[in-house]
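Trainee: The structure is given below, and queries will be raised subsequently.
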Amino acid sequence: MSAADKVKPAASPASEDPSAIAGNISYHAQYSPHFSPLAFGPEQAFYATAESVRDHLLQRWNDTYLHFHKMDPKQTYYLSMEYLQGRALTNAVGNLGITGAYADAVKKFGYELEAVAGQERDAALGNGGLGRLASCFLDSMATLNLPSWGYGLRYRYGLFKQRIAKEGQEEIAEDWLDKFSPWEIVRHDVVYPIRFFGHVEISPDGRRKWAGGEVLNALAYDVPIPGYKTKNAISLRLWDAKATAADFNLFQFNDGQYESAAQLHSRAQQICAVLYPGDATEEGKLLRLKQQYFLCSASLQDIIFRFKERKPDRASGKWSEFPSKVAVQMNDTHPTLAIPELMRLLMDEEGLGWDEAWDVTNKTVAYTNHTVLPEALEKWSQAVMRKLLPRHMEIIEEIDKRFREMVISTRKDMEGKIESMRVLDNNPEKPVVRMANLCVVAAHTVNGVAELHSNILKEELFADYLSIWPKKFQNKTNGITPRRWLRFCNPELSEIVTKWLKTDQWTSNLDLLTGLRKFADDEKLHAEWAAAKLASKKRLAKHVLDVTGITIDPNSLFDIQIKRIHEYKRQLMNILGAVYRYKKLKEMSAEERQKVTPRTVMVGGKAFATYTNAKRIVKLVNDVGAVVNNDADVNKYLKVVFIPNYNVSVAEVLIPGSELSQHISTAGMEASGTSNMKFSLNGCVIIGTLDGANVEIREEVGQDNFFLFGTKADQIAGLRKERENGLFKPDPRFEEAKQFIRSGAFGTYDYTPLLDSLEGNTGFGRGDYFLVGYDFPSYIETQARVDEAYKDKKKWIKMSILNTAGSGKFSSDRTIDQYAKEIWSISACPVP
Ligand code: 8GP
């Protein structure tokens with residue numbers, strides 16, 4: 001007899017009554033075929049509970065599907081290579097409003113809901129900000145009852161899991177699907193053929209058609225996304241690649257040729273194996289392009305299917321109606337192939353002419369840019385594109401040709417700019433397709449993700465297009481869901497907010513947080529606030545101990561920088577600052593040290609597997625930590641911790657416990673940032689540059705509650721020139737910190753190449769491209785101001801409260817509402 005047997009099983013899901021819920025959990029424990037009925041350990045408890053919750057979600061998902069079908073509203077489809085969903089159980093019961101009932105139900109089996117939820121593995125189908133943003137957006141779309149779906153790929157091994165070994169970061173395959181995900185529903189009836197390679201055939205009437213090559217199937221997996229306090233549940237539809245039994249060569253297999261017998265099956269597996277496979281090789285590039293096309297083609301075929309399904313008479317034309325029923329949002333350039341694919345489907349499959357197909361495509365697709373880094377603006381070799389997608393390459397050439405003709409015939413003054421604006425770069429040495437240009441030319445709207453970033457798009461990156469299409473460019477400042485990022489991850493602080501605002505409506509109307517401002521000096525609130533923070537800090541300290549074995553002091557200042565490791569994000573400046581601090585502490589007398597504000601510096605983030613300097617930074621943080629944390633003279637005043645395998649559920653522990661967080665990118669390089677919003681919402685003060693959304697956060701929370709330093713975006717180009725011309729005079733403190741590392745104070749690893757990247761000229765013409773040397777003096781001076789401010793507890797808590805109070809603007813509900821009204825033209829369609 002297992003624990004689950006104690007409760008009589010009940011097949012139908014219940015939402016209110018804990019006994020009925022327990023019956024349903026018991027039912028899943030016994031009748032779901034995943035585990036032996038003899039045991040009901042924490043893991044089984046998680047799966048059975050999740051399956052029980054899933055029943056609720058499915059009911060809503062079905063109701064929503066049928067409701068949208070009946071009402072036939074205009075619907076948005078969000079196409080994204082990444083989603084960073086994290087764990088789903090806490091979020092699902094929270095959004096459905098059944099947390100308490102489920103907590104009581106699992107108690108009947110001897111479990112705490114938090115512990116059961118802790119068994120879940122993160123769905124880590126993303127890399128960074130862009131992916132997490134997509135997940136926050138889905139939460140808001142569902143909450144606002146918007147007819148909308150997400151489309152992505154179902155990567156078996158995600159990006160990677162990060163392990164810290166002696167040599168630094170190691171990547172291991174993500175295991176989120178090693179067992180199974182209780183949240184996805186395989187839709188065996190939703191399958192589309194996806195072709196690769198082949199050739200273009202021309203029929204006697206001149207119609208062009210793509211044929212031959214190899215064909216795989218895209219199979220849909222649906223992840224229901226519940227809205228907060230609404231009956232709507234939308235879909236995140238993830239595609240998996242499959243070959244069929246017909247593709248299995250039984251003859252070869254029986255002949256012992258096992259690999260070639262299943263060749264197409266193995267190619268199918270490669271497509272959804274990992275996110276961003278290494279692209280240093282030709283094979284890698286081809287695989288990435290295959291993934292992108294796979295996502296776009298499957299999603300568009302599905303979108304067209306649904307367009308017809310809702311009104312069957314649409315099957316016979318009515319394509320002009322399409323843009324009034326469908327909006328496609330391309331999350332960065334990865335889904336750009338949606339453009340030629342929609343053109344192809346409309347022309348070759350549905351029989352439209354070029355002009356009509358172009359009009360429909362243009363009115364349907366919109367593009368969000370998430371980065372201005374030149375290396376991230378995708379360019380695909382024309383040869384690879386032609387080989388893999390011959391018909392699409394023809395269409396892209398035609399788009400390029402028509403764009404040129406349009407500019408030449410209507411804008412003589414722009415002729416000199418045409419070459420750089422074109423979709424094709426025909427440089428004979430390396431002819432490529434510029435995906436961002438294709439997006440700008442084809443989309444009806446292009447947006448950046450924070451005011452500063454959108455201005456840079458308009459004034460620099462896409463300036464030439466602005467004069468042709470002045471109305472095409474918009475800003476949509478990013479946002480985060482207040483449910484996951486405060487309500488559920490920080491229950492202590494949430495309760496205080498609710499108590500003082502006398503309402504929990506802030507969860508879906510975040511602007512209400514401004515109501516906290518009038519209590520910013522209230523001593524009772526201060527006491528409660530400080531107690532909540534301390535509780536979160538203790539939870540954080542326990543996590544650190546569990547994953548690193550390092551003990552940190554919850555009474556020290558918790559200073560956190562968590563994000564992808566990238567030189568422009570300047571984790572290196574952070575660690576140089578910590579090195580400098582350590583050196584000064586060593587030079588102090590024991591008495592002097594007692595006046596110092598104790599600090600725990602925490603850094604977390606993944607370095608892309610082939611990004612050498614980023615991996616060196618990870619190693620350096622770990623090496624510095626190993627020395628500092630074991631130095632008995634100073635480790636009461638400074639600890640340096642690298643938090644391994646940063647992901648969504650780690651962030652949910654770290655952010656509530658943070659007091660200071662670092663958003664210190666070179667100005668103009670961080671498009672927005674979204675963790676800055678999460679920290680600020682959780683009452684954490686930011687030290688940062690005037691970059692991305694920092695600018696707007698500082699405006700909202702007030703400049704006294706934000707530690708600003710560093711160069712401004714419009715000074716960067718001039719300073720880089722100055723530096724190139726040898727006119728930069730480094731601050732002695734910057735030299736001292738680097739020299740200390742070079743001296744071998746943190747071990748024998750050769751940091752020369754990393755430190756040389758901060759010197760005038762590294763031979764790449766990019767010496768200190770990220771201007772760490774320029775900003776370092778103001779950075780450490782500002783950190784010294786932080787130390788002083790932290791000594792005044794009252795002042796610090798007030799700053800913390802005012803950060804939370806000023807975070808209303810950064811709800812993804814606000815962002816999505818703006819997308820819905822200003823880009824997609826869609827309206828709410830709530831299930832009655
Ligand atoms: C990120 C930006 O770096 C970040 O500033 C922004 O907040 C976030 O997008 C959401 O808008 N960009 C990416 O994650 C990104 O460009 N990823 C590509 C490498 C895949």
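In the structure tokens, chains take the letters A, B, ... in the order shown, each chain's residues start at 1, and ligands count up from 1 in the order shown.
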What's around stretch 518-532 of chain A at 9 Å? Count only C-alpha atoms, leave out sequence neighbours fewer than 6 positions away in its own chain, and write the answer as a list in words.
Mentor: Asn490, Pro491, Glu492, Leu493, Ile496, Trp500, Lys794, Lys795, Ile797, Lys798, Met799, Ser800, Ile801, Leu802 and Ala805 of chain A
Trainee: Any chance you could export the current selection's C-alpha atoms as a PDB file, in the first residue's frame?
Mentor:
ATOM      1  CA  ASN A 490       7.947  36.495  -2.534  1.00  0.00           C
ATOM      2  CA  PRO A 491       4.869  35.627  -0.454  1.00  0.00           C
ATOM      3  CA  GLU A 492       6.135  37.478   2.643  1.00  0.00           C
ATOM      4  CA  LEU A 493       6.529  40.806   0.891  1.00  0.00           C
ATOM      5  CA  ILE A 496       2.731  43.120   3.436  1.00  0.00           C
ATOM      6  CA  TRP A 500      -0.868  48.114   3.510  1.00  0.00           C
ATOM      7  CA  LYS A 794      16.049  53.475   7.946  1.00  0.00           C
ATOM      8  CA  LYS A 795      17.098  55.244   4.816  1.00  0.00           C
ATOM      9  CA  ILE A 797      14.466  50.470   3.846  1.00  0.00           C
ATOM     10  CA  LYS A 798      12.788  53.602   2.611  1.00  0.00           C
ATOM     11  CA  MET A 799      14.702  53.287  -0.660  1.00  0.00           C
ATOM     12  CA  SER A 800      13.639  49.667  -0.831  1.00  0.00           C
ATOM     13  CA  ILE A 801       9.951  50.524  -0.327  1.00  0.00           C
ATOM     14  CA  LEU A 802      10.142  53.280  -2.916  1.00  0.00           C
ATOM     15  CA  ALA A 805       6.257  51.506  -5.053  1.00  0.00           C
TER      16      ALA A 805
END
Trainee: Sort by chain and increasing residue number a table of all residues of chain A within 7 Å of ligand 1, each with its closest pair of atoms and their distance in Å to one decimal, counting only C-alpha atoms and all ligand atoms, and write it as JSON lines.
Mentor:
{"residue": "A:Asn127", "atom": "CA", "partner": "ligand 1", "partner_atom_place_in_ligand_line": "20 (C)", "distance": 6.8}
{"residue": "A:Gly128", "atom": "CA", "partner": "ligand 1", "partner_atom_place_in_ligand_line": "14 (O)", "distance": 4.7}
{"residue": "A:Gly129", "atom": "CA", "partner": "ligand 1", "partner_atom_place_in_ligand_line": "8 (C)", "distance": 3.9}
{"residue": "A:Leu130", "atom": "CA", "partner": "ligand 1", "partner_atom_place_in_ligand_line": "14 (O)", "distance": 3.8}
{"residue": "A:Gly131", "atom": "CA", "partner": "ligand 1", "partner_atom_place_in_ligand_line": "14 (O)", "distance": 6.5}
{"residue": "A:Leu133", "atom": "CA", "partner": "ligand 1", "partner_atom_place_in_ligand_line": "10 (C)", "distance": 5.5}
{"residue": "A:His370", "atom": "CA", "partner": "ligand 1", "partner_atom_place_in_ligand_line": "9 (O)", "distance": 4.7}
{"residue": "A:Thr371", "atom": "CA", "partner": "ligand 1", "partner_atom_place_in_ligand_line": "16 (O)", "distance": 5.0}
{"residue": "A:Ala376", "atom": "CA", "partner": "ligand 1", "partner_atom_place_in_ligand_line": "19 (C)", "distance": 6.3}
{"residue": "A:Val449", "atom": "CA", "partner": "ligand 1", "partner_atom_place_in_ligand_line": "11 (O)", "distance": 5.5}
{"residue": "A:Asn478", "atom": "CA", "partner": "ligand 1", "partner_atom_place_in_ligand_line": "11 (O)", "distance": 6.3}
{"residue": "A:Glu670", "atom": "CA", "partner": "ligand 1", "partner_atom_place_in_ligand_line": "5 (O)", "distance": 4.4}
{"residue": "A:Ala671", "atom": "CA", "partner": "ligand 1", "partner_atom_place_in_ligand_line": "5 (O)", "distance": 3.9}
{"residue": "A:Ser672", "atom": "CA", "partner": "ligand 1", "partner_atom_place_in_ligand_line": "5 (O)", "distance": 3.9}
{"residue": "A:Gly673", "atom": "CA", "partner": "ligand 1", "partner_atom_place_in_ligand_line": "7 (O)", "distance": 3.3}
{"residue": "A:Thr674", "atom": "CA", "partner": "ligand 1", "partner_atom_place_in_ligand_line": "7 (O)", "distance": 4.8}
{"residue": "A:Gly692", "atom": "CA", "partner": "ligand 1", "partner_atom_place_in_ligand_line": "5 (O)", "distance": 6.6}
Trainee: Could you tell me, as a ChimeraX atom specification, which residues of stretch 521-592 of chain A DSSP assigns to strand (DSSP E) when given the backbone?
Mentor: /A:557-562
Trainee: Using only C-alpha atoms, find each residue in stretch 314-368 of chain A having at least one atom no more than 12 Å away from stretch 65-79 of chain A; report its shortest atom-to-atom pair and that distance in Å (one decimal), rows by chain then rising number, as CSV.
Mentor:
residue,atom,partner,partner_atom,distance
A:Glu321,CA,A:Lys74,CA,10.1
A:Phe322,CA,A:Lys74,CA,9.0
A:Pro323,CA,A:Lys74,CA,8.3
A:Ser324,CA,A:Lys74,CA,6.0
A:Lys325,CA,A:Lys74,CA,3.8
A:Val326,CA,A:Gln75,CA,5.1
A:Ala327,CA,A:Thr76,CA,4.5
A:Val328,CA,A:Tyr77,CA,4.9
A:Gln329,CA,A:Tyr78,CA,4.9
A:Met330,CA,A:Leu79,CA,5.2
A:Asn331,CA,A:Leu79,CA,5.9
A:Asp332,CA,A:Leu79,CA,9.1
A:Thr333,CA,A:Leu79,CA,10.1
A:His334,CA,A:Leu79,CA,8.8
A:Pro335,CA,A:Leu79,CA,6.4
A:Thr336,CA,A:Leu79,CA,9.5
A:Leu337,CA,A:Leu79,CA,10.8
A:Ala338,CA,A:Leu79,CA,8.8
A:Ile339,CA,A:Leu79,CA,11.8
A:Thr364,CA,A:Thr76,CA,9.5
A:Val365,CA,A:Tyr77,CA,9.6
A:Ala366,CA,A:Tyr78,CA,9.9
A:Tyr367,CA,A:Leu79,CA,10.0
A:Thr368,CA,A:Tyr78,CA,10.6
Trainee: Write out as a VMD selection string the set of residues from stretch 47-94 of chain A that DSSP, computed on the backbone, places in helix (DSSP H, G or I).
Mentor: chain A and resid 47 to 71 89 to 94
Trainee: Would you kindly return, as an NGL selection string, each protein, DNA or RNA residue with an atom no farther than 7 Å from any atom of A:Ala667, considering only C-alpha atoms and excluding same-chain residues fewer than 2 positions away?
Mentor: :A and (665 or 669 or 689-691 or 711-713)
Trainee: Neighbours of A:Leu681 within 8 Å (only C-alpha atoms; same-chain residues fewer than 6 positions away dropped), as a list in words?
Mentor: Trp485, Leu486, Asn803, Thr804, Ala805, Gly806 and Ser807 of chain A
Trainee: Would you export the selected residues with all heavy atoms as a compact mmCIF listing (two decimals), in the first residue's frame, please?
Mentor:
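For reference, part_27.txt as written:
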# COMPACT_ATOMS: atom_id res chain seq x y z
N TRP A 485 6.73 37.12 -10.42
CA TRP A 485 7.91 37.83 -9.92
C TRP A 485 7.69 38.63 -8.65
O TRP A 485 8.56 39.36 -8.22
CB TRP A 485 8.53 38.68 -11.04
CG TRP A 485 9.06 37.79 -12.11
CD1 TRP A 485 8.60 37.68 -13.39
CD2 TRP A 485 10.13 36.82 -11.99
NE1 TRP A 485 9.31 36.71 -14.07
CE2 TRP A 485 10.25 36.18 -13.23
CE3 TRP A 485 10.99 36.45 -10.94
CZ2 TRP A 485 11.21 35.17 -13.47
CZ3 TRP A 485 11.93 35.45 -11.18
CH2 TRP A 485 12.03 34.83 -12.42
N LEU A 486 6.52 38.56 -8.05
CA LEU A 486 6.36 39.08 -6.69
C LEU A 486 5.36 38.22 -5.92
O LEU A 486 5.70 37.62 -4.91
CB LEU A 486 5.92 40.55 -6.69
CG LEU A 486 5.73 41.18 -5.31
CD1 LEU A 486 6.98 41.08 -4.45
CD2 LEU A 486 5.32 42.65 -5.42
N ASN A 803 11.37 51.64 -4.21
CA ASN A 803 11.60 50.86 -5.43
C ASN A 803 10.37 50.04 -5.77
O ASN A 803 9.91 50.05 -6.91
CB ASN A 803 12.85 49.98 -5.30
CG ASN A 803 14.08 50.65 -5.89
OD1 ASN A 803 14.35 50.55 -7.08
ND2 ASN A 803 14.80 51.40 -5.06
N THR A 804 9.85 49.33 -4.79
CA THR A 804 8.64 48.55 -5.05
C THR A 804 7.51 49.48 -5.49
O THR A 804 6.82 49.21 -6.48
CB THR A 804 8.22 47.78 -3.77
OG1 THR A 804 9.33 46.97 -3.35
CG2 THR A 804 7.01 46.90 -4.02
N ALA A 805 7.37 50.59 -4.77
CA ALA A 805 6.26 51.51 -5.05
C ALA A 805 6.34 52.08 -6.47
O ALA A 805 5.33 52.42 -7.07
CB ALA A 805 6.25 52.64 -4.03
N GLY A 806 7.55 52.18 -7.01
CA GLY A 806 7.72 52.80 -8.33
C GLY A 806 7.77 51.79 -9.47
O GLY A 806 8.13 52.15 -10.59
N SER A 807 7.41 50.55 -9.20
CA SER A 807 7.58 49.51 -10.23
C SER A 807 6.34 49.26 -11.08
O SER A 807 6.36 48.39 -11.96
CB SER A 807 7.98 48.18 -9.56
OG SER A 807 9.29 48.29 -9.06
Trainee: When distances are computed from only C-alpha atoms, which of A:Gly351, A:Gly168, A:Gly284, A:Pro42 shows the smallest separation from A:Ala614?
Mentor: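 Checking each of A:Gly351, A:Gly168, A:Gly284, A:Pro42 against A:Ala614, counting only C-alpha atoms, the winner is A:Gly168.
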Trainee: Would you kindly return, as number ranges by chain, each protein, DNA or RNA residue with an atom no farther than 7 Å from any atom of stretch 242-250 of chain A, considering only C-alpha atoms and excluding same-chain residues fewer than 2 positions away?
Mentor: A: 216-219, 240, 252-254, 261-262, 264-265, 268
Trainee: Include N, CA, C and O atoms and write out the residues we just selected as a PDB file, in the first residue's frame.
Mentor:
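What ended up in out15.pdb:
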ATOM      1  N   LEU A 216       9.991  16.173 -43.350  1.00  0.00           N
ATOM      2  CA  LEU A 216       9.784  15.689 -41.978  1.00  0.00           C
ATOM      3  C   LEU A 216       8.423  16.163 -41.505  1.00  0.00           C
ATOM      4  O   LEU A 216       7.812  17.022 -42.137  1.00  0.00           O
ATOM      5  N   ASN A 217       7.971  15.612 -40.391  1.00  0.00           N
ATOM      6  CA  ASN A 217       6.707  16.073 -39.835  1.00  0.00           C
ATOM      7  C   ASN A 217       6.931  16.931 -38.607  1.00  0.00           C
ATOM      8  O   ASN A 217       7.824  16.662 -37.803  1.00  0.00           O
ATOM      9  N   ALA A 218       6.096  17.962 -38.475  1.00  0.00           N
ATOM     10  CA  ALA A 218       6.070  18.745 -37.238  1.00  0.00           C
ATOM     11  C   ALA A 218       4.860  18.284 -36.443  1.00  0.00           C
ATOM     12  O   ALA A 218       3.734  18.300 -36.944  1.00  0.00           O
ATOM     13  N   LEU A 219       5.108  17.860 -35.207  1.00  0.00           N
ATOM     14  CA  LEU A 219       4.034  17.356 -34.345  1.00  0.00           C
ATOM     15  C   LEU A 219       3.852  18.338 -33.182  1.00  0.00           C
ATOM     16  O   LEU A 219       4.831  18.746 -32.551  1.00  0.00           O
ATOM     17  N   ASP A 240       7.620  19.440 -32.315  1.00  0.00           N
ATOM     18  CA  ASP A 240       8.676  18.432 -32.288  1.00  0.00           C
ATOM     19  C   ASP A 240       8.797  17.871 -33.707  1.00  0.00           C
ATOM     20  O   ASP A 240       7.818  17.843 -34.449  1.00  0.00           O
ATOM     21  N   GLN A 252      17.111  -2.147 -45.373  1.00  0.00           N
ATOM     22  CA  GLN A 252      18.466  -1.806 -44.917  1.00  0.00           C
ATOM     23  C   GLN A 252      18.695  -2.276 -43.484  1.00  0.00           C
ATOM     24  O   GLN A 252      19.762  -2.764 -43.136  1.00  0.00           O
ATOM     25  N   PHE A 253      17.685  -2.106 -42.664  1.00  0.00           N
ATOM     26  CA  PHE A 253      17.827  -2.471 -41.252  1.00  0.00           C
ATOM     27  C   PHE A 253      18.124  -3.969 -41.127  1.00  0.00           C
ATOM     28  O   PHE A 253      19.023  -4.386 -40.406  1.00  0.00           O
ATOM     29  N   ASN A 254      17.337  -4.762 -41.854  1.00  0.00           N
ATOM     30  CA  ASN A 254      17.547  -6.206 -41.780  1.00  0.00           C
ATOM     31  C   ASN A 254      18.871  -6.629 -42.398  1.00  0.00           C
ATOM     32  O   ASN A 254      19.383  -7.705 -42.129  1.00  0.00           O
ATOM     33  N   ALA A 261      19.414   3.024 -42.229  1.00  0.00           N
ATOM     34  CA  ALA A 261      18.001   2.639 -42.249  1.00  0.00           C
ATOM     35  C   ALA A 261      17.133   3.698 -41.570  1.00  0.00           C
ATOM     36  O   ALA A 261      15.987   3.913 -41.952  1.00  0.00           O
ATOM     37  N   ALA A 262      17.699   4.355 -40.561  1.00  0.00           N
ATOM     38  CA  ALA A 262      16.901   5.323 -39.788  1.00  0.00           C
ATOM     39  C   ALA A 262      17.448   6.736 -39.949  1.00  0.00           C
ATOM     40  O   ALA A 262      17.317   7.568 -39.064  1.00  0.00           O
ATOM     41  N   LEU A 264      16.595   9.448 -41.643  1.00  0.00           N
ATOM     42  CA  LEU A 264      15.689  10.591 -41.519  1.00  0.00           C
ATOM     43  C   LEU A 264      15.216  10.748 -40.065  1.00  0.00           C
ATOM     44  O   LEU A 264      15.006  11.859 -39.594  1.00  0.00           O
ATOM     45  N   HIS A 265      15.071   9.639 -39.378  1.00  0.00           N
ATOM     46  CA  HIS A 265      14.677   9.698 -37.959  1.00  0.00           C
ATOM     47  C   HIS A 265      15.751  10.413 -37.158  1.00  0.00           C
ATOM     48  O   HIS A 265      15.461  11.211 -36.269  1.00  0.00           O
ATOM     49  N   ALA A 268      15.618  14.087 -37.893  1.00  0.00           N
ATOM     50  CA  ALA A 268      14.485  14.706 -37.203  1.00  0.00           C
ATOM     51  C   ALA A 268      14.869  15.002 -35.759  1.00  0.00           C
ATOM     52  O   ALA A 268      14.579  16.070 -35.224  1.00  0.00           O
TER      53      ALA A 268
END
Trainee: Out of A:Gly150, A:Pro182, A:Gly278, A:Pro390, which residue has the shortest atom-to-atom distance to A:Leu295 when counting only C-alpha atoms?
Mentor: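 When distances to A:Leu295 are compared using only C-alpha atoms, the smallest one comes from A:Gly150.
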Trainee: Mind giving me the straight-line distance from atom CA of A:Met414 to atom CA of A:Tyr465 in Å, one decimal?
Mentor: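 Computing the Euclidean distance for atom CA of A:Met414 and atom CA of A:Tyr465 yields 9.7 Å.
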Trainee: Please indicate the distance in Å from atom CA of A:Ala101 to atom CA of A:Ile21, rounded to one decimal place.
Mentor: 7.7 Å
Trainee: Would you list the contacts of A:Tyr102 as a ChimeraX atom specification, taking every protein, DNA or RNA residue within 12 Å and counting only C-alpha atoms, but skipping same-chain residues closer than 3 positions in sequence?
Mentor: /A:13-25,45-46,48-50,52-53,89-90,92-94,96-99,105-109,111-114,116-117
